[in-house]
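I have placed the structure first, in the form of structure tokens, so that the comments after it can refer back to it.
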Amino acid sequence: MTAADSGALPTIDPREAGTQLRSGLWKTINERYPGAMIRKDSFVPQARLANSLSQSRLVMISSCGVHLKTDEPLDVCHPFGDFRFLRVPSSAKHEDLIIHQLKYPHDDADLDINVIFPIERLQELCEEGVLGGLTPNFFSFIGYNMDPDKFERTVAADIAQAVVEKEHADCALLAPA
Amino acid sequence: MSVAYLRGAVARGDLEKVIRFVRLHLGDGNEAVGKDEVDRSWVEAVKILLREEPVDRKFIAGVLEKDESTLALLLFHLHFYLIRKSGRWIHDGSR
């Protein structure tokens with residue numbers, strides 16, 4: 001149990017104190033967030049890869065909220081979440097990117113974006129020939145979301161459409177945050 | 001909690017569930033912390049006003065002419081702004 005779980009308030013920034021991971025939160029998520037667990041009865045079957053990875057173009061889709069520093073950030077304050085997504089050029093480097101999020105610790109990812117959004121590792125795999133290529137753009141959105149049905153209709157559908165029709169991806173790496 | 005859960009609570013007039021959601025959201029999953037966060041943002045607003053600096057009431061009047069949804073979201077933004085100003089930041093992400 002952490003100070004936050006007991007109701008006692010930390011006197012210093014929990015990020016600097018190293019107490020930001022509140023294990024009690026996850027153990028009691030159903031009790032604390034009644035109605036939070038989403039059940040889904042319909043599934044889209046996974047598609048088999050038509051070609052080997054070395055002949056395939058990969059797209060990365062992440063809920064980590066990473067975006068170009070030059071982009072207007074997504075809305076982290078909205079209590080229901082932000083039903084938009086951002087494109088991240090697959091050629092971007094660590095120094096081009098920033099994480100805008102309230103709901104998970106990203107101190108380590110601030111030092112190396114590849115911890116959560118392995119964009120430079122994928123670029124290296126392309127150079128080595130392990131991957132056939134990367135789509136021009138990757139996709140990023142904020143994982144905190146209170147309306148999964150709306151999310152499916154908007155963000156998920158729009159990304160899926162862009163992945164197929166504009167990015168022409170053969171396979172996708174889904175990177176949760 | 002989901003939006004559907006909150007809509008049901010509002011339809012039944014079960015405001016306790018909505019209050020709990022707000023506190024859980026602002027407290028990053030801890031209701032007691034969330035309640036304190038709400039109090040803190042109001043305290044911070046009072047502390048700022050105690051400086052008795054000039055204010056732009058014309059700007060405020062213009063803002064209040066915006067639609068209700070924009071204003072409601074603005075309240076959440078102002079909350080996080082004031083919490084940042086308070087110097088205490090409990091959230092795991094961006095400061």
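If you're wondering about the labels, chains in the structure tokens are A, B, ... by order shown, residues count from 1 in each chain, ligands from 1 in order shown.
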> Any idea what's packed within 12 Å of Ala109 (chain A), counting only C-alpha atoms, ignoring anything in its chain fewer than 2 positions away? Could you give it as number ranges by chain?
Replying inline: A: 64-66, 94-95, 97-101, 104-107, 111-118, 177; B: 93-94
Report as a short mmCIF file (atom, residue, chain, number, x, y, z; two decimals) with N, CA and C atoms, in the first residue's frame the set of chain B residues whose atoms approach chain A to within 8 Å, with distances computed over only C-alpha atoms.
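That gives us part_9.cif:
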```cif
data_model
loop_
_atom_site.label_atom_id
_atom_site.label_comp_id
_atom_site.auth_asym_id
_atom_site.auth_seq_id
_atom_site.Cartn_x
_atom_site.Cartn_y
_atom_site.Cartn_z
N MET B 1 -15.17 2.92 -14.70
CA MET B 1 -16.48 3.45 -15.06
C MET B 1 -16.50 3.82 -16.54
N SER B 2 -17.61 3.62 -17.14
CA SER B 2 -17.74 3.98 -18.55
C SER B 2 -18.73 5.13 -18.68
N VAL B 3 -18.74 5.74 -19.87
CA VAL B 3 -19.72 6.80 -20.12
C VAL B 3 -21.14 6.25 -19.97
N ALA B 4 -21.36 5.02 -20.43
CA ALA B 4 -22.69 4.40 -20.28
C ALA B 4 -23.07 4.27 -18.81
N TYR B 5 -22.12 3.89 -17.98
CA TYR B 5 -22.34 3.77 -16.53
C TYR B 5 -22.73 5.13 -15.95
N PHE B 21 -16.94 9.25 -9.45
CA PHE B 21 -16.17 9.22 -10.69
C PHE B 21 -15.23 10.42 -10.78
N VAL B 22 -15.75 11.60 -10.48
CA VAL B 22 -14.92 12.81 -10.57
C VAL B 22 -13.73 12.69 -9.62
N LEU B 24 -12.38 9.94 -8.39
CA LEU B 24 -11.46 8.90 -8.86
C LEU B 24 -10.62 9.40 -10.02
N HIS B 25 -11.25 10.15 -10.93
CA HIS B 25 -10.54 10.67 -12.10
C HIS B 25 -9.46 11.66 -11.65
N ASP B 28 -6.57 10.08 -9.62
CA ASP B 28 -5.87 8.96 -10.26
C ASP B 28 -6.20 7.63 -9.58
N GLY B 29 -7.49 7.43 -9.30
CA GLY B 29 -7.91 6.15 -8.76
C GLY B 29 -8.08 6.12 -7.26
N ASN B 30 -7.79 7.22 -6.57
CA ASN B 30 -7.95 7.26 -5.12
C ASN B 30 -8.97 8.35 -4.78
N ALA B 32 -10.14 9.54 -1.93
CA ALA B 32 -9.77 10.52 -0.91
C ALA B 32 -8.82 11.56 -1.49
N VAL B 33 -7.88 11.09 -2.29
CA VAL B 33 -6.94 12.01 -2.93
C VAL B 33 -7.68 12.93 -3.90
N LEU B 73 -15.73 21.49 -20.21
CA LEU B 73 -14.38 20.95 -20.38
C LEU B 73 -13.33 21.94 -19.87
N PHE B 76 -12.44 21.43 -16.28
CA PHE B 76 -11.44 20.40 -16.01
C PHE B 76 -10.03 20.93 -16.32
N HIS B 77 -9.91 21.69 -17.42
CA HIS B 77 -8.60 22.25 -17.75
C HIS B 77 -8.15 23.22 -16.66
N PHE B 80 -6.84 21.32 -13.59
CA PHE B 80 -5.46 20.82 -13.72
C PHE B 80 -4.46 21.99 -13.75
N ARG B 88 1.83 20.95 -6.34
CA ARG B 88 1.74 19.53 -6.00
C ARG B 88 1.10 18.80 -7.17
N TRP B 89 1.78 17.81 -7.66
CA TRP B 89 1.30 17.10 -8.86
C TRP B 89 1.34 15.62 -8.59
N ILE B 90 0.16 14.98 -8.44
CA ILE B 90 0.13 13.57 -8.09
C ILE B 90 0.08 12.68 -9.31
N HIS B 91 -0.20 13.28 -10.47
CA HIS B 91 -0.45 12.45 -11.65
C HIS B 91 0.84 11.86 -12.20
N ASP B 92 0.69 10.70 -12.84
CA ASP B 92 1.86 9.98 -13.30
C ASP B 92 2.46 10.59 -14.55
N GLY B 93 1.65 11.29 -15.32
CA GLY B 93 2.11 11.76 -16.62
C GLY B 93 2.56 13.20 -16.62
N SER B 94 2.29 13.88 -17.74
CA SER B 94 2.82 15.22 -17.99
C SER B 94 2.55 16.17 -16.84
N ARG B 95 3.53 16.91 -16.48
CA ARG B 95 3.34 17.92 -15.44
C ARG B 95 2.85 19.23 -16.03
#
```
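Computed from the coordinates, the CA of His79 (chain B) to CA of Ile19 (chain B) distance equals 15.2 Å.
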>> Just to confirm, what's the straight-line distance from CA of Leu49 (chain B) to CA of Pro73 (chain A) in Å (one decimal)?
In response: 29.2 Å
>> Set the distance at 10 Å and use only C-alpha atoms: which residues neighbour Val43 (chain B) once local chain neighbours fewer than 6 positions away are removed? I'd like the list as JSON, numbers by chain.
In response: {"B": [37, 49, 82, 83, 86]}
Any chance you can output those residues with C-alpha atoms as a compact mmCIF listing (two decimals), in the first residue's frame?
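As written to disk, part28.txt reads:
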```txt
# COMPACT_ATOMS: atom_id res chain seq x y z
CA GLU B 37 -7.49 17.62 -5.33
CA LEU B 49 -7.24 36.17 -6.06
CA LEU B 82 -4.60 25.29 -10.74
CA ILE B 83 -3.27 22.00 -9.40
CA SER B 86 -0.25 24.69 -6.48
```
>> For a test of reading the model, state the distance in Å between CA of Ser56 (chain A) and CA of Ser91 (chain A), rounded to one decimal.
In response: 17.0 Å
>> Residues within 8 Å of Ala172 (chain A), please, as a PyMOL selection string. Count only C-alpha atoms; anything in the same chain fewer than 6 positions from it doesn't count.
In response: chain A and resi 58-61
Who sits within 12 Å of region 56-63 of chain B, only C-alpha atoms, same chain under 6 positions skipped, as a CSV table (one decimal) with N, CA and C atoms, in the first residue's frame:
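out.csv written:
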```
chain,number,residue,atom,x,y,z
B,70,THR,N,-18.1,23.3,-24.1
B,70,THR,CA,-16.7,23.9,-24.1
B,70,THR,C,-16.4,24.4,-22.7
B,71,LEU,N,-17.4,25.0,-22.0
B,71,LEU,CA,-17.2,25.6,-20.7
B,71,LEU,C,-17.0,24.4,-19.7
B,72,ALA,N,-17.8,23.4,-19.8
B,72,ALA,CA,-17.6,22.2,-18.9
B,72,ALA,C,-16.2,21.6,-19.0
B,74,LEU,N,-13.6,23.2,-20.1
B,74,LEU,CA,-12.7,24.3,-19.6
B,74,LEU,C,-12.5,24.1,-18.0
B,75,LEU,N,-13.6,23.8,-17.4
B,75,LEU,CA,-13.5,23.6,-15.9
B,75,LEU,C,-12.5,22.5,-15.5
```
>> Write out as number ranges by chain the set of residues from region 41-160 of chain A that DSSP, computed on the backbone, places in strand (DSSP E or B).
In response: A: 57-62, 64, 66-68, 86-89, 97-99, 133-134, 137-140, 142
File dump, residues just selected, C-alpha atoms, as a PDB file, in the first residue's frame:
```pdb
ATOM      1  CA  ARG A  57       5.271  -3.010 -44.660  1.00  0.00           C
ATOM      2  CA  LEU A  58       4.569  -2.448 -40.984  1.00  0.00           C
ATOM      3  CA  VAL A  59       2.520   0.213 -39.217  1.00  0.00           C
ATOM      4  CA  MET A  60       2.738   0.940 -35.490  1.00  0.00           C
ATOM      5  CA  ILE A  61      -0.368   1.950 -33.570  1.00  0.00           C
ATOM      6  CA  SER A  62      -0.015   2.986 -29.959  1.00  0.00           C
ATOM      7  CA  CYS A  64       0.778   5.999 -25.535  1.00  0.00           C
ATOM      8  CA  VAL A  66       3.261  10.160 -28.310  1.00  0.00           C
ATOM      9  CA  HIS A  67       3.274  12.878 -30.934  1.00  0.00           C
ATOM     10  CA  LEU A  68       5.533  15.302 -32.774  1.00  0.00           C
ATOM     11  CA  LEU A  86      -2.362  11.805 -34.350  1.00  0.00           C
ATOM     12  CA  ARG A  87      -0.076  10.643 -37.130  1.00  0.00           C
ATOM     13  CA  VAL A  88       3.588  10.239 -36.303  1.00  0.00           C
ATOM     14  CA  PRO A  89       5.961  10.100 -39.296  1.00  0.00           C
ATOM     15  CA  LEU A  97       8.690  13.378 -30.172  1.00  0.00           C
ATOM     16  CA  ILE A  98       6.982  14.093 -26.869  1.00  0.00           C
ATOM     17  CA  ILE A  99       4.584  12.190 -24.608  1.00  0.00           C
ATOM     18  CA  GLY A 133       9.444  -1.329 -44.766  1.00  0.00           C
ATOM     19  CA  LEU A 134       7.444   1.039 -42.619  1.00  0.00           C
ATOM     20  CA  ASN A 137       2.960   7.325 -40.761  1.00  0.00           C
ATOM     21  CA  PHE A 138       2.368   5.617 -37.445  1.00  0.00           C
ATOM     22  CA  PHE A 139      -0.655   6.324 -35.238  1.00  0.00           C
ATOM     23  CA  SER A 140      -0.948   7.481 -31.656  1.00  0.00           C
ATOM     24  CA  ILE A 142      -4.566   8.543 -25.633  1.00  0.00           C
TER      25      ILE A 142
END
```
